[in-house]
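Printed here is target.txt (compact mmCIF, C-alpha atoms):
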```txt
# COMPACT_ATOMS: atom_id res chain seq x y z
CA PRO A 1 50.79 -58.99 43.07
CA LEU A 2 50.14 -55.77 41.19
CA LYS A 3 51.08 -52.48 42.76
CA LYS A 4 48.32 -49.92 43.19
CA THR A 5 48.57 -46.34 41.97
CA VAL A 6 47.17 -43.34 43.80
CA GLU A 7 44.08 -43.45 41.57
CA GLY A 8 43.47 -47.08 42.49
CA ASP A 9 44.47 -48.61 39.14
CA ALA A 10 46.97 -51.46 39.07
CA LYS A 11 50.44 -51.17 37.57
CA LEU A 12 51.74 -53.99 35.40
CA SER A 13 54.39 -56.30 36.74
CA ASN A 14 57.86 -55.99 35.18
CA ALA A 15 57.37 -59.18 33.14
CA LEU A 16 54.04 -58.00 31.67
CA ASP A 17 55.43 -54.53 31.09
CA GLN A 18 58.34 -55.94 29.07
CA ALA A 19 56.02 -58.23 27.08
CA LEU A 20 53.71 -55.32 26.26
CA GLY A 21 56.70 -53.22 25.23
CA ALA A 22 57.90 -55.94 22.85
CA ALA A 23 54.43 -56.32 21.31
CA SER A 24 54.11 -52.54 20.93
CA ARG A 25 57.43 -52.34 19.08
CA ARG A 26 56.39 -55.13 16.70
CA LEU A 27 53.09 -53.38 15.97
CA GLY A 28 54.65 -49.94 15.69
CA ARG A 29 52.39 -48.59 18.43
CA PRO A 30 53.27 -46.48 21.48
CA LYS A 31 54.05 -48.52 24.57
CA ARG A 32 51.39 -48.79 27.26
CA VAL A 33 48.56 -47.56 25.07
CA LEU A 34 45.63 -50.00 25.08
CA CYS A 35 42.78 -49.05 22.77
CA LEU A 36 39.88 -50.49 20.80
CA THR A 37 41.71 -53.61 19.60
CA ASP A 38 42.68 -54.58 23.14
CA LEU A 39 39.27 -53.77 24.59
CA VAL A 40 37.13 -55.43 21.94
CA SER A 41 38.94 -57.86 19.65
CA CYS A 42 41.44 -59.30 22.12
CA ASN A 43 38.96 -59.50 24.99
CA ARG A 44 36.95 -62.49 23.83
CA ASP A 45 37.03 -65.98 22.36
CA LEU A 46 36.69 -65.43 18.61
CA SER A 47 35.49 -69.01 18.04
CA ASP A 48 31.98 -67.97 19.14
CA ASP A 49 29.69 -65.83 16.99
CA ALA A 50 28.55 -63.74 19.95
CA PRO A 51 31.28 -64.20 22.55
CA PRO A 52 31.07 -62.49 25.93
CA PRO A 53 34.06 -60.38 26.96
CA SER A 54 36.71 -62.27 28.90
CA CYS A 55 37.49 -59.37 31.24
CA ARG A 56 35.20 -56.70 32.60
CA PHE A 57 35.72 -53.59 34.68
CA LEU A 58 32.28 -53.49 36.31
CA ALA A 59 30.46 -56.63 35.06
CA VAL A 60 27.19 -54.75 34.50
CA PRO A 61 24.85 -55.13 31.51
CA GLU A 62 25.68 -51.65 30.21
CA GLU A 63 29.36 -52.60 29.91
CA ASP A 64 28.59 -55.85 28.10
CA SER A 65 26.24 -53.97 25.76
CA LEU A 66 29.00 -51.51 24.84
CA TYR A 67 31.50 -54.29 24.11
CA ALA A 68 28.95 -56.29 22.09
CA SER A 69 28.12 -53.24 19.97
CA LEU A 70 31.79 -52.38 19.35
CA TYR A 71 32.54 -56.01 18.48
CA ALA A 72 29.63 -56.18 16.01
CA ILE A 73 30.87 -52.97 14.39
CA HIS A 74 34.43 -54.33 14.24
CA LYS A 75 33.23 -57.46 12.41
CA THR A 76 31.87 -55.35 9.51
CA THR A 77 35.28 -53.80 8.77
CA PRO A 78 36.52 -56.58 6.39
CA GLN A 79 33.50 -56.04 4.11
CA ILE A 80 34.23 -52.32 3.98
CA ILE A 81 37.90 -52.88 3.14
CA ASP A 82 37.01 -55.49 0.47
CA ALA A 83 34.63 -53.02 -1.18
CA ILE A 84 37.22 -50.24 -1.05
CA GLU A 85 39.86 -52.47 -2.65
CA ALA A 86 37.43 -53.52 -5.39
CA GLY A 87 36.72 -49.85 -6.04
CA ARG A 88 40.41 -48.96 -6.20
CA ASP A 89 41.00 -51.78 -8.71
CA ALA A 90 38.06 -50.57 -10.81
CA MET A 91 39.40 -47.01 -10.89
CA ARG A 92 42.85 -48.24 -11.93
CA LEU A 93 41.22 -50.10 -14.82
CA ASP A 94 38.87 -47.19 -15.58
CA ASP A 95 35.96 -49.65 -15.33
CA ALA A 96 32.79 -47.71 -14.50
CA ARG A 97 30.64 -50.81 -14.14
CA ALA A 98 33.04 -52.45 -11.69
CA LEU A 99 33.29 -49.18 -9.75
CA SER A 100 29.53 -48.91 -9.41
CA GLU A 101 29.41 -52.53 -8.20
CA ALA A 102 32.13 -51.81 -5.64
CA LEU A 103 30.24 -48.74 -4.43
CA THR A 104 27.08 -50.83 -4.09
CA ALA A 105 29.04 -53.30 -1.94
CA LEU A 106 30.44 -50.45 0.16
CA LYS A 107 26.95 -49.00 0.60
CA GLN A 108 25.71 -52.34 1.91
CA ALA A 109 28.72 -52.75 4.21
CA LEU A 110 28.24 -49.26 5.67
CA ARG A 111 24.56 -50.02 6.20
CA ALA A 112 25.54 -53.15 8.13
CA THR A 113 27.93 -51.07 10.21
CA ALA A 114 25.19 -48.58 11.07
CA GLU A 115 22.82 -51.40 12.02
CA ALA A 116 25.51 -53.00 14.20
CA HIS A 117 25.12 -50.15 16.70
CA HIS A 118 22.75 -51.91 19.07
CA PHE A 119 20.75 -49.81 21.51
CA ASP A 120 18.43 -52.50 22.82
CA ARG A 121 18.37 -51.10 26.35
CA GLU A 122 16.92 -47.88 27.69
CA ALA A 123 19.53 -45.25 28.47
CA SER A 124 20.49 -45.46 32.13
CA ARG A 125 22.88 -44.12 34.73
CA GLY A 126 24.88 -47.33 34.33
CA GLU A 127 26.24 -46.23 30.95
CA ARG A 128 27.63 -43.05 32.51
CA VAL A 129 29.24 -45.07 35.30
CA VAL A 130 30.79 -47.51 32.81
CA MET A 131 32.38 -44.72 30.78
CA ARG A 132 33.67 -43.03 33.94
CA ARG A 133 35.42 -46.28 34.90
CA LEU A 134 36.74 -46.94 31.40
CA ARG A 135 37.98 -43.38 30.97
CA HIS A 136 41.46 -44.00 32.45
CA PHE A 137 41.84 -47.13 30.33
CA LEU A 138 40.75 -45.47 27.08
CA LEU A 139 42.62 -42.20 27.68
CA PRO A 140 45.65 -43.24 29.75
CA ALA A 141 47.30 -39.87 29.20
CA GLY A 142 44.20 -38.01 30.38
CA GLY A 143 41.95 -35.70 28.42
CA THR A 144 38.74 -33.70 28.36
CA ASP A 145 35.19 -34.86 27.68
CA SER A 146 35.71 -33.58 24.13
CA ASP A 147 38.76 -35.87 23.72
CA LEU A 148 36.90 -38.91 25.07
CA ALA A 149 33.80 -38.20 22.97
CA ALA A 150 35.88 -37.83 19.80
CA ALA A 151 37.78 -41.05 20.52
CA LEU A 152 34.57 -43.01 21.20
CA TYR A 153 32.90 -41.54 18.09
CA ASN A 154 35.86 -42.37 15.82
CA GLY A 155 36.41 -45.85 17.26
CA PHE A 156 39.70 -45.05 19.02
CA ASP A 157 42.41 -46.74 16.92
CA SER A 158 39.97 -48.20 14.37
CA ALA A 159 40.62 -47.33 10.71
CA LEU A 160 36.99 -47.93 9.70
CA LEU A 161 35.68 -44.36 9.51
CA SER A 162 38.93 -42.92 8.16
CA SER A 163 39.15 -45.55 5.39
CA ALA A 164 35.62 -44.94 4.12
CA TRP A 165 36.01 -41.18 4.42
CA ARG A 166 39.30 -41.06 2.49
CA PHE A 167 38.23 -43.54 -0.21
CA LEU A 168 35.03 -41.64 -0.96
CA GLY A 169 36.86 -38.31 -0.83
CA ALA A 170 34.37 -36.62 1.49
CA PRO A 171 35.44 -33.09 2.51
CA VAL A 172 37.52 -32.94 5.68
CA PRO A 173 35.94 -30.83 8.44
CA LYS A 174 38.21 -27.90 9.30
CA ILE A 175 36.45 -27.10 12.58
CA GLY A 176 35.99 -29.21 15.70
CA ASN A 177 37.88 -32.02 17.42
CA LEU A 178 36.75 -35.04 15.40
CA GLN A 179 39.16 -34.82 12.47
CA PRO A 180 42.20 -34.06 14.70
CA SER A 181 41.19 -37.11 16.76
CA ARG A 182 41.07 -39.25 13.61
CA ASP A 183 44.52 -38.00 12.64
CA ALA A 184 45.93 -38.61 16.14
CA ALA A 185 44.50 -42.16 16.23
CA ARG A 186 46.93 -43.22 13.51
CA ARG A 187 49.76 -43.12 16.06
CA THR A 188 48.20 -46.00 18.01
CA MET A 189 47.06 -48.08 15.03
CA PRO A 190 49.01 -51.18 14.05
CA ARG A 191 51.48 -50.15 11.35
CA PRO A 192 49.71 -52.04 8.49
CA HIS A 193 46.50 -50.10 9.21
CA ARG A 194 48.43 -46.83 9.25
CA ASP A 195 50.16 -47.67 5.99
CA TYR A 196 46.84 -48.59 4.38
CA LEU A 197 45.33 -45.20 5.18
CA LEU A 198 48.30 -43.51 3.53
CA LYS A 199 47.44 -45.31 0.29
CA LEU A 200 43.98 -43.72 0.24
CA SER A 201 44.94 -40.38 -1.23
CA PRO A 202 42.30 -37.68 -1.86
CA ARG A 203 43.70 -37.40 -5.40
CA THR A 204 42.60 -40.98 -6.14
CA SER A 205 39.29 -40.88 -4.26
CA VAL A 206 35.92 -41.65 -5.84
CA ARG A 207 34.94 -37.97 -5.65
CA ALA A 208 38.10 -36.98 -7.53
CA ARG A 209 37.47 -39.67 -10.16
CA VAL A 210 33.86 -38.58 -10.71
CA LEU A 211 34.85 -34.91 -11.05
CA ALA A 212 37.70 -35.76 -13.43
CA THR A 213 35.40 -37.93 -15.55
CA GLU A 214 32.85 -35.14 -15.85
CA GLN A 215 35.56 -32.78 -17.14
CA ARG A 216 37.15 -35.14 -19.67
CA LYS A 217 36.35 -34.76 -23.35
CA ASN A 218 35.94 -38.51 -23.82
CA ARG A 219 33.52 -38.96 -21.00
CA LEU A 220 31.78 -42.14 -19.95
CA PRO A 221 28.32 -42.80 -21.34
CA VAL A 222 25.78 -40.68 -19.50
CA HIS A 223 24.03 -43.71 -18.03
CA ALA A 224 27.27 -45.25 -16.69
CA LEU A 225 28.34 -41.99 -15.09
CA ALA A 226 24.86 -41.50 -13.59
CA VAL A 227 24.98 -44.95 -11.98
CA VAL A 228 28.41 -44.25 -10.44
CA GLU A 229 27.26 -40.88 -9.11
CA ALA A 230 24.08 -42.38 -7.67
CA GLU A 231 26.00 -45.12 -5.83
CA PHE A 232 28.60 -42.60 -4.66
CA ASN A 233 25.88 -40.39 -3.15
CA ALA A 234 24.25 -43.45 -1.59
CA CYS A 235 27.57 -44.32 0.07
CA LEU A 236 27.81 -40.81 1.51
CA ASP A 237 24.28 -41.20 2.88
CA GLU A 238 25.18 -44.50 4.54
CA LEU A 239 28.42 -43.05 5.94
CA LEU A 240 26.40 -40.20 7.43
CA ARG A 241 24.06 -42.78 8.94
CA VAL A 242 27.05 -44.55 10.51
CA CYS A 243 28.28 -41.24 11.93
CA SER A 244 24.82 -40.46 13.28
CA ARG A 245 24.72 -43.81 15.09
CA ARG A 246 28.20 -43.18 16.48
CA SER A 247 26.92 -39.84 17.74
CA GLN A 248 24.07 -41.63 19.52
CA LEU A 249 26.61 -43.94 21.14
CA VAL A 250 28.56 -40.95 22.46
CA CYS A 251 25.42 -39.28 23.77
CA ARG A 252 24.33 -42.40 25.66
CA TYR A 253 27.65 -42.95 27.40
CA LEU A 254 28.54 -39.26 27.91
CA PRO A 255 25.11 -37.72 28.55
CA ASN A 256 26.49 -34.62 30.29
CA TYR A 257 28.39 -33.74 27.12
CA ALA A 258 25.74 -34.87 24.63
CA ALA A 259 24.23 -31.51 23.65
CA GLU A 260 27.62 -29.85 23.30
CA PHE A 261 28.96 -32.78 21.26
CA ARG A 262 26.04 -32.68 18.84
CA ARG A 263 26.30 -28.92 18.39
CA ASP A 264 30.06 -28.34 18.38
CA GLU A 265 31.48 -31.61 17.02
CA PHE A 266 29.10 -33.92 15.15
CA GLU A 267 27.50 -31.05 13.24
CA HIS A 268 30.78 -30.38 11.39
CA ASP A 269 30.97 -34.01 10.20
CA ARG A 270 27.34 -33.92 9.15
CA ARG A 271 27.80 -30.77 7.09
CA ALA A 272 30.96 -32.14 5.45
CA LEU A 273 29.13 -35.26 4.28
CA LEU A 274 26.22 -33.21 2.95
CA GLU A 275 28.41 -30.91 0.82
```

Would it be possible to restate this file's structure as structure tokens?
Amino acid sequence: PLKKTVEGDAKLSNALDQALGAASRRLGRPKRVLCLTDLVSCNRDLSDDAPPPSCRFLAVPEEDSLYASLYAIHKTTPQIIDAIEAGRDAMRLDDARALSEALTALKQALRATAEAHHFDREASRGERVVMRRLRHFLLPAGGTDSDLAAALYNGFDSALLSSAWRFLGAPVPKIGNLQPSRDAARRTMPRPHRDYLLKLSPRTSVRARVLATEQRKNRLPVHALAVVEAEFNACLDELLRVCSRRSQLVCRYLPNYAAEFRRDEFEHDRRALLE
């Protein structure tokens, strides 16, 4: 039987604790930190297109709706990474046409990610209760509403937002808690995800490539450059749409912090993507 803590949560048995420690070492993640991957990807039978979660905290519709939305978002990540890799290959080859095609694919993948945020139910008190119960699981070390909102907005240990942001070369917000939360999330990512983000340098981003091309003497044909710029701007628009939908997710599950989050946190991301 599991021992109970003062807060009422259960401690792991020694055998499970050792197994989790071994898995954490293999993944290069801190021990005893369970995040998005554990909550969403590992909490269902992946053989089904729309699998229900295997384990629930409260077993209420609002909890299932959150997991279903996060799972749908998670399933769009491979398309985003494929488009980013195609874009990186195109930039290495200095192929403007291939780059514009990769940006078109990224635009479509980001649009799918935005549409994967399902809000098919009216906002209710149940969402607030769900997040209150999940809080200790999602932030085992504790934290403020700002910390929880930033983690939920960024996808906890997901590399999705950071990958798109770094590949496009969008300006990094210097104010607020969202960018520090994205940086801190790398500590709990599996090592391959962390290593992948390191490859996406701002010096080799799409923004840097477009600016460098405009300044070169032997520039691309005007039409080719215009197509790349148009698709690049469209990707920024779709990334902003994804961020806006993430903001809605935060506001539904943390309604008491919603106005402050929109004003003091999300606004900095929005301005960065509009620069």

Once you count all atoms listed in the file, what closest atom pair and distance in Å to one decimal does each residue of stretch 201-271 of chain A within 9 Å of stretch 160-173 of chain A have, with rows by chain and rising residue number, as a tab-separated table?
```
residue	atom	partner	partner_atom	distance
A:Ser201	CA	A:Arg166	CA	6.8
A:Pro202	CA	A:Gly169	CA	5.6
A:Arg203	CA	A:Gly169	CA	8.3
A:Thr204	CA	A:Phe167	CA	7.8
A:Ser205	CA	A:Gly169	CA	4.9
A:Val206	CA	A:Leu168	CA	5.0
A:Arg207	CA	A:Gly169	CA	5.2
A:Ala208	CA	A:Gly169	CA	6.9
A:Phe232	CA	A:Leu168	CA	7.5
A:Cys235	CA	A:Leu168	CA	8.0
A:Leu236	CA	A:Leu168	CA	7.7
A:Leu239	CA	A:Ala164	CA	7.7
A:Val242	CA	A:Leu161	CA	8.7
A:Cys243	CA	A:Leu161	CA	8.4
A:His268	CA	A:Pro173	CA	6.0
A:Asp269	CA	A:Pro173	CA	6.2
A:Arg271	CA	A:Pro173	CA	8.3
```

Judged by only C-alpha atoms, the minimum distance to A:Ser181 among A:Arg56, A:Ala105, A:Arg194, A:Glu265 is found for A:Glu265

Residues around (36.5, -36.1, 25.8), cut-off 12 Å, counting all atoms listed in the file - what are they as number ranges by chain?
A: 131-132, 135-136, 138-139, 141-154, 156, 177-178, 181, 250-251, 253-258, 260-261, 265

Mind working out the centre and edge lengths of an axis-aligned box for stretch 156-170 of chain A, all listed atoms inside, 5 Å added to each side, rounded to one decimal in Å and written as AutoDock Vina command-line options?
```
--center_x 38.4 --center_y -42.4 --center_z 9.0 --size_x 18.0 --size_y 21.6 --size_z 30.0
```

Which of A:Glu231, A:Glu127, A:Glu275, A:Glu115 sits closest to A:Ser244 [using all atoms listed in the file]
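Closest candidate: A:Glu115.
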
Could you tell me how far atom CA of A:Ala259 lies from atom CA of A:Gly176, in Å and to one decimal?
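These atoms are spaced 14.4 Å apart.
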
I'd like the contact shell of A:Arg125 - 10 Å cut-off, all atoms listed in the file, skipping same-chain residues fewer than 3 positions apart - returned as a PDB file with C-alpha atoms, keeping the file's coordinate frame.
```pdb
ATOM      1  CA  GLU A  62      25.680 -51.650  30.210  1.00  0.00           C
ATOM      2  CA  GLU A 122      16.920 -47.880  27.690  1.00  0.00           C
ATOM      3  CA  ARG A 128      27.630 -43.050  32.510  1.00  0.00           C
ATOM      4  CA  VAL A 129      29.240 -45.070  35.300  1.00  0.00           C
ATOM      5  CA  VAL A 130      30.790 -47.510  32.810  1.00  0.00           C
ATOM      6  CA  ARG A 252      24.330 -42.400  25.660  1.00  0.00           C
ATOM      7  CA  TYR A 253      27.650 -42.950  27.400  1.00  0.00           C
ATOM      8  CA  PRO A 255      25.110 -37.720  28.550  1.00  0.00           C
TER       9      PRO A 255
END
```

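Considering the residues A:Gly126, A:Pro192, A:Pro221, A:Gly28 and counting only C-alpha atoms, A:Leu58 has its shortest atom-to-atom contact with A:Gly126.
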
Atom pair atom CA of A:Asn14 / atom CA of A:Ala184: separation (Å):
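Rounded to one decimal, the two atoms are 28.4 Å apart.
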
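The nearest approach to A:Leu99 among the residues A:Asp237, A:Ile175, A:Glu229, A:Glu267, with all atoms listed in the file taken into account, belongs to A:Glu229.
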
Atom CA of A:Leu225 and atom CA of A:Glu101, how far apart in Å?
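These atoms are spaced 12.6 Å apart.
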
Using all atoms listed in the file, which residues sit within 7 Å of stretch 65-80 of chain A once same-chain residues fewer than 5 positions away are excluded, as a list in words?
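So, after excluding close chain neighbours, the residues are Val40, Ser41, Leu106, Ala109, Leu110, Ala112, Thr113, Ala116, His117, His118 and Leu160 of chain A.
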
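Closest approach to A:Phe57 from the set A:Phe137, A:Ala123, A:Thr104, A:Leu93 is made by A:Phe137, with distances taken over all atoms listed in the file.
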
Tell me which of A:Ser158, A:Gln248, A:Thr213, A:Ser124 sits closest to A:Pro190, counting all atoms listed in the file.
A:Ser158

Extract stretch 159-172 of chain A from the preceding block and save N, CA, C and O atoms as a CSV table (one decimal), in the first residue's frame.
```
chain,number,residue,atom,x,y,z
A,159,ALA,N,8.3,20.6,-26.5
A,159,ALA,CA,9.2,21.4,-27.3
A,159,ALA,C,8.5,22.1,-28.4
A,159,ALA,O,9.1,22.8,-29.2
A,160,LEU,N,7.2,22.0,-28.5
A,160,LEU,CA,6.4,22.5,-29.7
A,160,LEU,C,6.6,24.0,-29.9
A,160,LEU,O,7.1,24.4,-30.9
A,161,LEU,N,6.2,24.8,-28.9
A,161,LEU,CA,6.3,26.2,-29.0
A,161,LEU,C,7.7,26.7,-29.2
A,161,LEU,O,8.0,27.5,-30.1
A,162,SER,N,8.6,26.2,-28.4
A,162,SER,CA,10.0,26.6,-28.5
A,162,SER,C,10.6,26.3,-29.8
A,162,SER,O,11.4,27.1,-30.4
A,163,SER,N,10.3,25.1,-30.4
A,163,SER,CA,10.9,24.8,-31.7
A,163,SER,C,10.4,25.7,-32.8
A,163,SER,O,11.2,26.2,-33.6
A,164,ALA,N,9.1,26.0,-32.9
A,164,ALA,CA,8.6,26.9,-33.9
A,164,ALA,C,9.1,28.3,-33.7
A,164,ALA,O,9.5,29.0,-34.6
A,165,TRP,N,9.2,28.7,-32.4
A,165,TRP,CA,9.7,30.1,-32.1
A,165,TRP,C,11.1,30.3,-32.5
A,165,TRP,O,11.5,31.2,-33.2
A,166,ARG,N,12.0,29.3,-32.2
A,166,ARG,CA,13.4,29.4,-32.5
A,166,ARG,C,13.7,29.2,-34.0
A,166,ARG,O,14.5,29.9,-34.6
A,167,PHE,N,13.0,28.3,-34.7
A,167,PHE,CA,13.2,28.1,-36.1
A,167,PHE,C,12.8,29.4,-36.9
A,167,PHE,O,13.5,29.8,-37.8
A,168,LEU,N,11.7,30.0,-36.5
A,168,LEU,CA,11.2,31.2,-37.3
A,168,LEU,C,12.1,32.4,-36.9
A,168,LEU,O,12.2,33.4,-37.7
A,169,GLY,N,12.7,32.4,-35.7
A,169,GLY,CA,13.5,33.5,-35.3
A,169,GLY,C,12.7,34.7,-34.7
A,169,GLY,O,13.1,35.8,-34.8
A,170,ALA,N,11.5,34.4,-34.2
A,170,ALA,CA,10.7,35.4,-33.6
A,170,ALA,C,11.4,36.1,-32.4
A,170,ALA,O,12.2,35.4,-31.7
A,171,PRO,N,11.3,37.4,-32.2
A,171,PRO,CA,12.0,38.0,-31.0
A,171,PRO,C,11.6,37.4,-29.7
A,171,PRO,O,10.5,36.9,-29.5
A,172,VAL,N,12.5,37.3,-28.8
A,172,VAL,CA,12.3,36.7,-27.5
A,172,VAL,C,11.8,37.7,-26.5
A,172,VAL,O,12.5,38.8,-26.4
```
